[in-house]
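Here's coords-v2.cif, which has mmCIF, C-alpha atoms:
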data_target
#
loop_
_atom_site.group_PDB
_atom_site.id
_atom_site.type_symbol
_atom_site.label_atom_id
_atom_site.label_comp_id
_atom_site.auth_asym_id
_atom_site.auth_seq_id
_atom_site.Cartn_x
_atom_site.Cartn_y
_atom_site.Cartn_z
ATOM 1 C CA GLN N 292 -13.602 -9.728 -17.885
ATOM 2 C CA MET N 293 -13.913 -9.121 -14.144
ATOM 3 C CA SER N 294 -14.625 -5.635 -12.796
ATOM 4 C CA ILE N 295 -13.428 -3.982 -9.595
ATOM 5 C CA PRO N 296 -16.136 -4.328 -6.928
ATOM 6 C CA LEU N 297 -17.418 -0.973 -5.677
ATOM 7 C CA LEU N 298 -18.800 -0.641 -2.153
ATOM 8 C CA SER N 299 -19.384 2.186 0.312
ATOM 9 C CA ALA N 300 -18.029 2.860 3.788
ATOM 10 C CA GLY N 301 -21.373 1.786 5.205
ATOM 11 C CA SER N 302 -21.170 -1.682 3.649
ATOM 12 C CA PRO N 303 -20.752 -4.638 6.021
ATOM 13 C CA SER N 304 -17.054 -5.385 6.452
ATOM 14 C CA SER N 305 -17.760 -9.018 5.552
ATOM 15 C CA GLU N 306 -18.938 -7.894 2.087
ATOM 16 C CA ILE N 307 -15.752 -5.885 1.617
ATOM 17 C CA THR N 308 -13.460 -8.760 2.576
ATOM 18 C CA GLU N 309 -15.461 -11.241 0.477
ATOM 19 C CA ALA N 310 -15.181 -8.995 -2.570
ATOM 20 C CA LEU N 311 -11.451 -8.507 -1.953
ATOM 21 C CA ASN N 312 -10.900 -12.228 -1.614
ATOM 22 C CA GLU N 313 -12.872 -13.078 -4.746
ATOM 23 C CA ALA N 314 -11.784 -10.310 -7.147
ATOM 24 C CA GLY N 315 -8.422 -9.567 -5.564
ATOM 25 C CA CYS N 316 -9.380 -5.882 -5.299
ATOM 26 C CA VAL N 317 -12.201 -3.658 -4.072
ATOM 27 C CA VAL N 318 -12.925 0.089 -3.914
ATOM 28 C CA VAL N 319 -14.684 1.485 -0.842
ATOM 29 C CA THR N 320 -16.024 5.044 -1.154
ATOM 30 C CA GLY N 321 -16.646 7.698 1.483
ATOM 31 C CA VAL N 322 -14.083 6.539 4.042
ATOM 32 C CA THR N 323 -12.174 9.765 4.792
ATOM 33 C CA ASP N 324 -13.336 13.368 4.933
ATOM 34 C CA ALA N 325 -11.794 16.510 3.461
ATOM 35 C CA GLY N 326 -10.367 17.653 6.788
ATOM 36 C CA LEU N 327 -8.386 14.466 7.308
ATOM 37 C CA ARG N 328 -7.070 14.560 3.749
ATOM 38 C CA GLN N 329 -5.983 18.179 4.150
ATOM 39 C CA SER N 330 -4.161 17.330 7.376
ATOM 40 C CA ILE N 331 -2.214 14.639 5.544
ATOM 41 C CA LYS N 332 -1.319 17.028 2.727
ATOM 42 C CA ASP N 333 -0.215 19.681 5.218
ATOM 43 C CA GLU N 334 1.946 17.265 7.226
ATOM 44 C CA LEU N 335 3.653 15.907 4.127
ATOM 45 C CA ALA N 336 3.848 19.122 2.091
ATOM 46 C CA LEU N 337 7.491 19.906 2.866
ATOM 47 C CA HIS N 338 8.577 16.305 2.289
ATOM 48 C CA MET N 339 6.704 16.110 -1.018
ATOM 49 C CA LYS N 340 8.216 19.419 -2.101
ATOM 50 C CA LYS N 341 11.699 18.013 -1.461
ATOM 51 C CA ALA N 342 10.982 14.693 -3.219
ATOM 52 C CA ARG N 343 13.095 14.118 -6.293
ATOM 53 C CA VAL N 344 11.134 14.370 -9.527
ATOM 54 C CA ILE N 345 12.700 12.989 -12.697
ATOM 55 C CA GLU N 346 11.422 14.870 -15.718
ATOM 56 C CA ILE N 347 10.105 12.853 -18.643
ATOM 57 C CA GLU N 348 12.913 13.734 -21.052
ATOM 58 C CA LYS N 349 15.546 12.552 -18.557
ATOM 59 C CA GLU N 350 13.933 9.353 -17.313
ATOM 60 C CA ASP N 351 15.047 5.801 -18.062
ATOM 61 C CA PRO N 352 11.969 4.039 -19.464
ATOM 62 C CA THR N 353 13.184 0.727 -18.023
ATOM 63 C CA GLN N 354 13.009 2.011 -14.432
ATOM 64 C CA PHE N 355 10.316 0.575 -12.168
ATOM 65 C CA TYR N 356 9.087 3.999 -11.023
ATOM 66 C CA PRO N 357 7.996 6.272 -13.879
ATOM 67 C CA GLY N 358 9.344 9.793 -14.169
ATOM 68 C CA ARG N 359 7.269 12.823 -13.279
ATOM 69 C CA THR N 360 6.235 11.292 -9.956
ATOM 70 C CA ARG N 361 6.863 12.103 -6.302
ATOM 71 C CA ARG N 362 7.337 9.382 -3.700
ATOM 72 C CA VAL N 363 7.862 9.827 0.066
ATOM 73 C CA ALA N 364 8.153 6.921 2.527
ATOM 74 C CA GLY N 365 8.583 6.820 6.327
ATOM 75 C CA LEU N 366 5.043 8.051 6.901
ATOM 76 C CA VAL N 367 4.750 6.832 10.502
ATOM 77 C CA ALA N 368 7.480 9.307 11.426
ATOM 78 C CA ARG N 369 6.207 12.050 9.130
ATOM 79 C CA SER N 370 2.422 12.097 9.400
ATOM 80 C CA PRO N 371 0.608 11.802 12.750
ATOM 81 C CA THR N 372 -2.718 11.793 10.915
ATOM 82 C CA ILE N 373 -1.794 8.753 8.818
ATOM 83 C CA THR N 374 -0.409 6.996 11.887
ATOM 84 C CA ASP N 375 -3.404 7.734 14.090
ATOM 85 C CA GLN N 376 -6.220 7.486 11.557
ATOM 86 C CA LEU N 377 -5.180 5.173 8.716
ATOM 87 C CA VAL N 378 -2.499 2.688 9.800
ATOM 88 C CA ALA N 379 -4.889 0.823 12.111
ATOM 89 C CA HIS N 380 -8.117 1.773 10.327
ATOM 90 C CA PRO N 381 -10.930 -0.699 11.127
ATOM 91 C CA LEU N 382 -11.413 -1.588 7.441
ATOM 92 C CA SER N 383 -7.707 -2.362 6.995
ATOM 93 C CA LYS N 384 -7.636 -4.415 10.186
ATOM 94 C CA GLN N 385 -10.704 -6.368 9.087
ATOM 95 C CA CYS N 386 -9.134 -7.195 5.718
ATOM 96 C CA CYS N 387 -5.844 -8.223 7.324
ATOM 97 C CA GLU N 388 -7.470 -10.287 10.059
ATOM 98 C CA THR N 389 -9.668 -12.123 7.571
ATOM 99 C CA LEU N 390 -7.150 -12.709 4.781
ATOM 100 C CA LEU N 391 -3.703 -12.680 6.441
ATOM 101 C CA LEU N 392 -4.156 -14.214 9.889
ATOM 102 C CA PRO N 393 -4.858 -17.727 8.522
ATOM 103 C CA ASN N 394 -1.269 -17.650 7.189
ATOM 104 C CA GLY N 395 0.223 -15.619 10.046
ATOM 105 C CA GLU N 396 -1.639 -16.581 13.188
ATOM 106 C CA PHE N 397 0.504 -14.402 15.469
ATOM 107 C CA GLY N 398 -0.180 -11.210 13.607
ATOM 108 C CA TYR N 399 0.499 -9.020 10.606
ATOM 109 C CA GLN N 400 2.698 -5.962 10.140
ATOM 110 C CA LEU N 401 3.004 -2.729 8.214
ATOM 111 C CA HIS N 402 4.913 -3.582 5.058
ATOM 112 C CA ILE N 403 5.170 -0.281 3.119
ATOM 113 C CA THR N 404 4.117 3.323 3.723
ATOM 114 C CA ALA N 405 4.400 5.890 0.935
ATOM 115 C CA ALA N 406 2.805 9.060 -0.360
ATOM 116 C CA LEU N 407 2.616 8.995 -4.158
ATOM 117 C CA GLU N 408 1.878 11.796 -6.596
ATOM 118 C CA VAL N 409 1.628 10.976 -10.295
ATOM 119 C CA GLY N 410 2.164 14.099 -12.400
ATOM 120 C CA PRO N 411 1.086 15.164 -15.868
ATOM 121 C CA GLY N 412 2.945 13.201 -18.536
ATOM 122 C CA ALA N 413 3.861 10.245 -16.307
ATOM 123 C CA ARG N 414 3.840 6.940 -18.169
ATOM 124 C CA GLY N 415 1.952 3.897 -16.965
ATOM 125 C CA GLN N 416 3.822 1.621 -14.587
ATOM 126 C CA VAL N 417 4.654 -1.969 -15.444
ATOM 127 C CA LEU N 418 2.161 -4.416 -13.952
ATOM 128 C CA HIS N 419 3.542 -6.175 -10.895
ATOM 129 C CA ARG N 420 2.536 -7.935 -7.686
ATOM 130 C CA GLU N 421 3.234 -6.671 -4.162
ATOM 131 C CA GLU N 422 4.434 -10.124 -3.172
ATOM 132 C CA ASP N 423 6.972 -10.487 -6.007
ATOM 133 C CA SER N 424 9.853 -10.352 -3.485
ATOM 134 C CA PHE N 425 8.758 -13.712 -2.097
ATOM 135 C CA THR N 426 9.836 -15.897 -5.000
ATOM 136 C CA PHE N 427 10.115 -18.981 -2.782
ATOM 137 C CA PHE N 428 6.392 -19.624 -3.208
ATOM 138 C CA PRO N 429 5.026 -20.732 -6.602
ATOM 139 C CA LYS N 430 2.084 -18.766 -8.053
ATOM 140 C CA PRO N 431 -0.636 -18.494 -7.031
ATOM 141 C CA ARG N 432 1.033 -17.789 -3.711
ATOM 142 C CA PRO N 433 -0.669 -17.994 -0.319
ATOM 143 C CA ASN N 434 -2.045 -14.705 0.983
ATOM 144 C CA LEU N 435 1.028 -12.805 2.193
ATOM 145 C CA ILE N 436 0.102 -9.138 1.655
ATOM 146 C CA VAL N 437 -2.966 -6.892 1.749
ATOM 147 C CA ALA N 438 -2.409 -3.489 0.136
ATOM 148 C CA SER N 439 -4.372 -0.254 0.298
ATOM 149 C CA MET N 440 -4.341 3.019 -1.633
ATOM 150 C CA TRP N 441 -6.083 5.974 0.020
ATOM 151 C CA ALA N 442 -7.327 8.555 -2.474
ATOM 152 C CA ILE N 443 -6.278 12.029 -1.324
ATOM 153 C CA SER N 444 -7.352 13.432 -4.688
ATOM 154 C CA ASP N 445 -9.786 12.047 -7.253
ATOM 155 C CA PHE N 446 -8.453 9.013 -9.123
ATOM 156 C CA ARG N 447 -9.574 9.253 -12.742
ATOM 157 C CA ALA N 448 -8.739 7.321 -15.890
ATOM 158 C CA ASP N 449 -6.951 10.348 -17.338
ATOM 159 C CA ASN N 450 -4.847 11.276 -14.286
ATOM 160 C CA GLY N 451 -3.329 7.887 -13.573
ATOM 161 C CA ALA N 452 -5.858 5.872 -11.569
ATOM 162 C CA THR N 453 -4.377 2.539 -10.498
ATOM 163 C CA LEU N 454 -4.431 -0.232 -13.092
ATOM 164 C CA LEU N 455 -5.497 -3.662 -11.823
ATOM 165 C CA VAL N 456 -6.193 -7.114 -13.195
ATOM 166 C CA PRO N 457 -9.079 -8.481 -11.107
ATOM 167 C CA GLY N 458 -8.765 -12.182 -10.401
ATOM 168 C CA SER N 459 -5.038 -12.331 -11.176
ATOM 169 C CA HIS N 460 -4.216 -13.204 -7.546
ATOM 170 C CA LYS N 461 -5.432 -16.702 -8.380
ATOM 171 C CA TRP N 462 -3.552 -17.110 -11.661
ATOM 172 C CA PRO N 463 -0.829 -19.681 -12.339
ATOM 173 C CA GLU N 464 2.751 -18.706 -13.187
ATOM 174 C CA ASP N 465 2.368 -18.782 -16.967
ATOM 175 C CA ARG N 466 -0.793 -16.695 -17.386
ATOM 176 C CA ILE N 467 -0.236 -13.230 -18.890
ATOM 177 C CA ALA N 468 -2.761 -10.395 -18.591
ATOM 178 C CA LYS N 469 -4.534 -9.393 -21.799
ATOM 179 C CA ASP N 470 -5.249 -5.729 -22.468
ATOM 180 C CA GLU N 471 -8.975 -6.237 -22.043
ATOM 181 C CA GLU N 472 -8.414 -7.731 -18.562
ATOM 182 C CA ILE N 473 -6.736 -4.555 -17.235
ATOM 183 C CA VAL N 474 -9.131 -2.087 -15.585
ATOM 184 C CA GLN N 475 -8.638 1.227 -13.758
ATOM 185 C CA ALA N 476 -9.673 1.906 -10.180
ATOM 186 C CA GLU N 477 -11.427 5.217 -10.690
ATOM 187 C CA MET N 478 -12.584 6.591 -7.333
ATOM 188 C CA PRO N 479 -13.343 9.966 -5.756
ATOM 189 C CA ALA N 480 -11.163 11.513 -3.075
ATOM 190 C CA GLY N 481 -11.998 9.929 0.271
ATOM 191 C CA SER N 482 -12.137 6.405 -1.149
ATOM 192 C CA VAL N 483 -9.745 3.546 -0.464
ATOM 193 C CA LEU N 484 -8.683 0.778 -2.834
ATOM 194 C CA PHE N 485 -7.714 -2.565 -1.311
ATOM 195 C CA TRP N 486 -5.950 -5.272 -3.314
ATOM 196 C CA MET N 487 -4.290 -8.585 -2.583
ATOM 197 C CA GLY N 488 -0.526 -9.036 -2.797
ATOM 198 C CA GLY N 489 -0.989 -11.426 -5.703
ATOM 199 C CA THR N 490 -3.077 -9.046 -7.820
ATOM 200 C CA LEU N 491 -1.350 -7.529 -10.840
ATOM 201 C CA HIS N 492 -1.433 -3.743 -10.676
ATOM 202 C CA GLY N 493 0.461 -0.546 -11.475
ATOM 203 C CA ALA N 494 0.026 3.210 -11.618
ATOM 204 C CA GLY N 495 -1.809 4.426 -14.707
ATOM 205 C CA ALA N 496 -0.501 6.995 -17.190
ATOM 206 C CA ASN N 497 -1.371 10.611 -16.407
ATOM 207 C CA THR N 498 -2.575 12.394 -19.539
ATOM 208 C CA ALA N 499 -4.315 15.161 -17.552
ATOM 209 C CA GLN N 500 -2.974 18.435 -16.139
ATOM 210 C CA ASP N 501 -3.387 17.679 -12.410
ATOM 211 C CA TRP N 502 -1.307 15.546 -10.046
ATOM 212 C CA ARG N 503 -2.949 12.377 -8.717
ATOM 213 C CA TYR N 504 -2.249 11.982 -4.953
ATOM 214 C CA GLY N 505 -2.556 8.762 -2.972
ATOM 215 C CA ILE N 506 -1.270 7.152 0.215
ATOM 216 C CA ILE N 507 -0.220 3.515 -0.026
ATOM 217 C CA LEU N 508 -0.174 1.367 3.111
ATOM 218 C CA THR N 509 0.484 -2.353 2.739
ATOM 219 C CA TYR N 510 0.491 -5.107 5.339
ATOM 220 C CA SER N 511 2.221 -8.484 5.389
ATOM 221 C CA VAL N 512 2.117 -11.614 7.524
ATOM 222 C CA GLY N 513 4.346 -11.181 10.552
ATOM 223 C CA TRP N 514 6.976 -13.773 9.638
ATOM 224 C CA VAL N 515 8.289 -12.132 6.446
ATOM 225 C CA ARG N 516 10.717 -9.241 6.190
ATOM 226 C CA GLN N 517 9.009 -5.888 5.657
ATOM 227 C CA GLU N 518 9.780 -4.151 2.366
ATOM 228 C CA GLU N 519 10.126 -0.811 4.143
ATOM 229 C CA ASN N 520 12.581 -0.953 7.042
ATOM 230 C CA GLN N 521 10.329 0.460 9.751
ATOM 231 C CA TYR N 522 13.041 0.067 12.399
ATOM 232 C CA LEU N 523 15.217 2.648 10.632
ATOM 233 C CA ASN N 524 12.377 4.851 9.370
ATOM 234 C CA ILE N 525 10.841 5.297 12.835
ATOM 235 C CA PRO N 526 13.293 7.110 15.146
ATOM 236 C CA PRO N 527 13.367 6.085 18.855
ATOM 237 C CA LYS N 528 11.759 9.392 19.874
ATOM 238 C CA ARG N 529 8.811 8.806 17.533
ATOM 239 C CA LEU N 530 8.581 5.148 18.539
ATOM 240 C CA ALA N 531 8.172 6.171 22.190
ATOM 241 C CA GLU N 532 5.096 8.214 21.198
ATOM 242 C CA LEU N 533 3.282 5.361 19.443
ATOM 243 C CA SER N 534 0.388 3.489 21.006
ATOM 244 C CA PRO N 535 0.865 -0.216 21.806
ATOM 245 C CA GLU N 536 -1.383 -1.091 18.860
ATOM 246 C CA ILE N 537 0.624 0.967 16.376
ATOM 247 C CA ARG N 538 3.911 -0.374 17.776
ATOM 248 C CA GLN N 539 2.595 -3.883 17.213
ATOM 249 C CA ILE N 540 1.364 -3.223 13.673
ATOM 250 C CA THR N 541 4.620 -1.535 12.674
ATOM 251 C CA GLY N 542 6.457 -4.710 13.688
ATOM 252 C CA PHE N 543 8.074 -3.847 17.006
ATOM 253 C CA ASP N 544 6.532 -6.807 18.840
ATOM 254 C CA MET N 545 7.927 -10.324 18.544
ATOM 255 C CA TYR N 546 6.387 -12.898 16.235
ATOM 256 C CA ARG N 547 7.012 -16.209 18.023
ATOM 257 C CA GLY N 548 10.799 -16.022 18.474
ATOM 258 C CA LEU N 549 11.335 -13.522 15.651
ATOM 259 C CA GLY N 550 12.369 -9.967 16.430
ATOM 260 C CA PHE N 551 13.788 -10.197 19.938
ATOM 261 C CA TYR N 552 16.156 -7.472 21.134
ATOM 262 C CA ASP N 553 17.964 -6.360 24.264
ATOM 263 C CA HIS N 554 16.354 -3.279 25.837
ATOM 264 C CA SER N 555 19.656 -2.237 27.404
ATOM 265 C CA VAL N 556 21.214 -1.664 23.960
ATOM 266 C CA ARG N 557 18.749 1.179 23.237
ATOM 267 C CA ARG N 558 19.502 3.149 26.427
#
Could you render the structure from this file as structure tokens?
Amino acid sequence: QMSIPLLSAGSPSSEITEALNEAGCVVVTGVTDAGLRQSIKDELALHMKKARVIEIEKEDPTQFYPGRTRRVAGLVARSPTITDQLVAHPLSKQCCETLLLPNGEFGYQLHITAALEVGPGARGQVLHREEDSFTFFPKPRPNLIVASMWAISDFRADNGATLLVPGSHKWPEDRIAKDEEIVQAEMPAGSVLFWMGGTLHGAGANTAQDWRYGIILTYSVGWVRQEENQYLNIPPKRLAELSPEIRQITGFDMYRGLGFYDHSVRR
């Protein structure tokens, strides 16, 4: 059984990317401080309050997202702190440049943004891969996605810490995860979990009394369609405020001939 590598924010970035490449996941502690996390919570508080929560007794157990959870997307438009501090974080950029650029030499892009709260009583999520939309490629697929989960609260075994199957990003199509191969990414608030798009994972069951809060940001090679439609989720007014780097990462620059548009249409 493989474990989830555990490193600190002061670790060399090469060690972090090597661990991510080998195990398909890695936890890095001490990356964000309490002030930054509180800013994120404050900026998203109204949106999270409005998020639809399906109570356990009314949920369909076959649904991909378990009941008793909150999920809010469109974070580039909704949280300046996430946009300015996390979207282009040096650790995320290092992981993407090392593991995605060989398969997307003209860049990578923001694939999904979401704030996720897993509440008391939420069931465990079915194990899945971030790259499951790209069925054209046989497993193990080339590196197409790097994912990250930023711990706003503590992630514990009892409150739904992310389930992962280390090493599964290198598995063939017919290999099924055994119970003993599934481990939980327990980590204190301020940590970040990175995992590869081919790594089996899912939210854990919450048997505690507190809500587990995380921010998921995933990145994909620049020539695939983003799972979250950033072009609709980022209004023109917000787009005009973004730095050139953030505009590029969110996918508003061309990739070779992909993504051209006529400026006059947006006047």
Can you list every residue of region 379-486 of chain N that has an atom at most 7 Å from region 513-530 of chain N, with its nearest atom pair and the distance in Å to one decimal, using all atoms listed in the file, ordered by chain then number, as CSV?
residue,atom,partner,partner_atom,distance
N:Gly395,CA,N:Gly513,CA,6.1
N:Gly398,CA,N:Gly513,CA,5.5
N:Tyr399,CA,N:Gly513,CA,4.4
N:Gln400,CA,N:Gly513,CA,5.5
N:His402,CA,N:Gln517,CA,4.7
N:Ile403,CA,N:Glu519,CA,5.1
Translate the PyMOL selection byres ((chain N and resi 335) around 9), as applied to the file shown, into an explicit residue set as a ChimeraX atom specification. /N:330-334,336-340,363,366,369-370,406
Could you jot down the CA of Gly451 (chain N) to CA of His492 (chain N) separation for me, Å, one decimal place? 12.1 Å
Residues of region 421-509 of chain N at most 6 Å from region 308-316 of chain N: nearest atom pair and distance in Å, all atoms listed in the file, as JSON lines:
{"residue": "N:Pro457", "atom": "CA", "partner": "N:Ala314", "partner_atom": "CA", "distance": 5.1}
{"residue": "N:Gly458", "atom": "CA", "partner": "N:Ala314", "partner_atom": "CA", "distance": 4.8}
{"residue": "N:His460", "atom": "CA", "partner": "N:Gly315", "partner_atom": "CA", "distance": 5.9}
{"residue": "N:Phe485", "atom": "CA", "partner": "N:Cys316", "partner_atom": "CA", "distance": 5.4}
{"residue": "N:Trp486", "atom": "CA", "partner": "N:Cys316", "partner_atom": "CA", "distance": 4.0}
{"residue": "N:Met487", "atom": "CA", "partner": "N:Gly315", "partner_atom": "CA", "distance": 5.2}
{"residue": "N:Thr490", "atom": "CA", "partner": "N:Gly315", "partner_atom": "CA", "distance": 5.8}
List as a VMD selection string the protein and nucleic acid residues near Arg362 (chain N), meaning an atom at most 7 Å away when only C-alpha atoms are counted, but skip any in the same chain fewer than 5 places from it. chain N and resid 342 405 to 408
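The shortest atom-to-atom distance to Glu532 (chain N), with only C-alpha atoms taken into account, belongs to N:Asp375 out of N:Val344, N:Ser304, N:Ala364, N:Asp375.
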Residue with the minimum atom-to-atom distance to Thr541 (chain N), picked from N:Gly358, N:Gly489, N:Gly365, N:Pro429 with all atoms listed in the file counted, is N:Gly365
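The closest residue to Ala368 (chain N), picked from N:Ile537, N:Val318, N:Arg547, N:Ala442 and counting all atoms listed in the file, is N:Ile537.
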So that I can check the surroundings of region 419-423 of chain N, please list as a ChimeraX atom specification every protein, DNA and RNA residue that reaches within 12 Å of it, counting all atoms listed in the file and ignoring chain neighbours fewer than 3 positions away. /N:315,355-356,402-403,415-416,426-439,453-456,459-462,464,467-468,486-494,507-512,515-518
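Between CA of Gln539 (chain N) and CA of Leu390 (chain N) there is a distance of 18.1 Å.
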